[in-house]
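Worksheet: the structure to be examined is printed underneath.
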Amino acid sequence: MRKGIVLIFVLLVGCKYYSFTGASIPEGAETVQVNFFVNNAANEVGSVFEPGLDRDFTNAVQEMLLNQTNLDLTNVNGHLIYEGEIVTYRVTPMTATAQETAAQNRLTMSVNVRFFNTLNDEDDFEKKFSFFFDFDASTQVQAIQTEAHEVLFERITQDIFNESLAKW
């Protein structure tokens, strides 16, 4: 009986630094800060500036961290800090028809991310994350944009999470 109580206590204490989503929260970390992800996509050849993309992606990163960790969101002095910029947002043709027109297009988004762990700078990194969404070439981007952003944001934010907190 006594061993069971000790085991339960050890498991509960351990859960403070590990979540069931696979996060390994650094010891002592209680807050996370997500700085605004600036949209610099128009600076890359072939990319376009999509209004509101920066706000929507920043919100997606915040929501992902709040949903998958027990950290509190703060605007200043976070123990863990995420920041960066959107560097690519472009549509490119992927497959062609016999008439040499595009049959399928690909929307690609890339984000340069800087992660800082103020409690352990060995965890800090800067890395580019990218993903794509394929769609029929006869469809306008605006028609698939909501679905595409959901897919792009989910994949990119999950990759950021895995790199910074899951250590995969």
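Ligands are numbered from 1 in the order shown, residues from 1 within each chain, and chains are lettered A, B, ... in the order they appear in the structure tokens.
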Looking only at strand (DSSP E) from DSSP on the backbone, list the matching residues of range 2-161 of chain A as a PyMOL selection string.
chain A and resi 31-34+38-39+72-74+80-96+102-117+125-136
Nearest to Gly28 in chain A, chosen from A:Asn120, A:Gln140, A:Asn162, A:Thr146, with only C-alpha atoms counted in the distances:
A:Asn120
Skipping near chain neighbours, those fewer than 5 positions away, what residues fall within 7 Å of range 53-68 of chain A using only C-alpha atoms, listed as a list in words?
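The residues that qualify are Thr21, Val34, Phe36, Phe37, Val38, Asn39, Phe153 and Thr157 of chain A.
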Return as a PyMOL selection string the full set of residues in range 2-168 of chain A whose backbone-based DSSP assignment is alpha helix (DSSP H).
chain A and resi 2-14+53-68+141-161
Excluding same-chain residues fewer than 3 positions from Ala148 in chain A, what lies within 12 Å of it counting only C-alpha atoms, as a VMD selection string?
chain A and resid 53 89 91 105 to 109 131 to 135 140 to 145 151 to 155
Write the selection just made, keeping C-alpha atoms, as a short mmCIF file (atom, residue, chain, number, x, y, z; two decimals), in the first residue's frame?
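The result, stored in out27.cif:
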data_model
loop_
_atom_site.label_atom_id
_atom_site.label_comp_id
_atom_site.auth_asym_id
_atom_site.auth_seq_id
_atom_site.Cartn_x
_atom_site.Cartn_y
_atom_site.Cartn_z
CA LEU A 53 -1.57 35.81 -42.43
CA TYR A 89 3.78 32.13 -49.23
CA VAL A 91 1.41 29.17 -55.34
CA ASN A 105 -1.26 23.86 -57.86
CA ARG A 106 0.65 23.88 -54.59
CA LEU A 107 0.38 26.56 -51.90
CA THR A 108 3.60 26.57 -49.88
CA MET A 109 4.22 28.41 -46.64
CA PHE A 131 4.60 22.75 -45.52
CA PHE A 132 2.33 22.75 -48.56
CA PHE A 133 -1.28 22.29 -49.63
CA ASP A 134 -2.12 20.90 -53.09
CA PHE A 135 -5.33 21.90 -54.88
CA GLN A 140 -8.97 30.01 -57.03
CA VAL A 141 -6.71 30.29 -53.97
CA GLN A 142 -9.36 32.28 -52.11
CA ALA A 143 -11.78 29.34 -52.42
CA ILE A 144 -9.45 26.93 -50.62
CA GLN A 145 -7.67 29.40 -48.37
CA VAL A 151 -3.67 22.33 -42.82
CA LEU A 152 -0.58 24.53 -43.13
CA PHE A 153 -0.88 26.02 -39.64
CA GLU A 154 -1.55 22.66 -37.97
CA ARG A 155 1.45 20.98 -39.59
#
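Distances to Thr139 in chain A were evaluated for A:Gln104, A:Val87, A:Glu27, A:Ile160 using only C-alpha atoms, and the minimum falls at A:Gln104.
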Restrict the calculation to only C-alpha atoms, then for each residue of range 67-140 of chain A with any atom at most 10 Å from an atom of range 40-44 of chain A give the closest atom pair and their distance in Å to one decimal, rows by chain and rising residue number, as a tab-separated table.
residue	atom	partner	partner_atom	distance
A:Gly84	CA	A:Asn40	CA	9.9
A:Glu85	CA	A:Asn40	CA	6.3
A:Ile86	CA	A:Asn40	CA	5.6
A:Val87	CA	A:Ala41	CA	4.3
A:Thr88	CA	A:Ala41	CA	4.6
A:Tyr89	CA	A:Ala41	CA	5.7
A:Arg90	CA	A:Ala41	CA	8.3
A:Met109	CA	A:Ala41	CA	8.7
A:Ser110	CA	A:Ala41	CA	8.5
A:Val111	CA	A:Ala41	CA	9.0
Serialized selection, C-alpha atoms, as an mmCIF file, in the first residue's frame:
data_model
loop_
_atom_site.group_PDB
_atom_site.id
_atom_site.type_symbol
_atom_site.label_atom_id
_atom_site.label_comp_id
_atom_site.auth_asym_id
_atom_site.auth_seq_id
_atom_site.Cartn_x
_atom_site.Cartn_y
_atom_site.Cartn_z
ATOM 1 C CA GLY A 84 10.087 34.720 -36.276
ATOM 2 C CA GLU A 85 8.756 35.654 -39.649
ATOM 3 C CA ILE A 86 6.769 34.182 -42.495
ATOM 4 C CA VAL A 87 9.271 33.973 -45.342
ATOM 5 C CA THR A 88 7.390 32.124 -48.094
ATOM 6 C CA TYR A 89 3.776 32.132 -49.227
ATOM 7 C CA ARG A 90 3.490 31.101 -52.854
ATOM 8 C CA MET A 109 4.218 28.410 -46.636
ATOM 9 C CA SER A 110 7.555 28.670 -44.810
ATOM 10 C CA VAL A 111 8.229 30.236 -41.438
#
Under the rule that only C-alpha atoms are counted, which of A:Thr92, A:Asn70, A:Ala29, A:Asn75 is the nearest residue to Ser47 in chain A?
A:Thr92
Calculate how many Å separate CA of Tyr82 in chain A from CA of Val113 in chain A, rounding to one decimal.
6.9 Å
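In this structure, CA of Met94 in chain A sits 9.8 Å away from CA of Asp136 in chain A.
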Which residue, A:Ala137, A:Ala23, A:Val32, A:Val48, has the smallest gap to Leu73 in chain A when you use only C-alpha atoms?
A:Val32
Could you check the closest approach to Ser138 in chain A for each of A:Phe115, A:Ile156, A:Pro93, A:Glu163 and tell me which residue wins, using only C-alpha atoms?
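The answer is A:Pro93, which sits nearest to Ser138 in chain A.
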Nearest candidate to Thr31 in chain A (options A:Glu50, A:Asp121, A:Asp72, A:Glu147; using only C-alpha atoms)
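That would be A:Asp72, the residue with the smallest distance to Thr31 in chain A.
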Enter the distance from CA of Thr95 in chain A to CA of His149 in chain A, in Å, rounded to one decimal.
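Those two atoms sit 21.6 Å apart.
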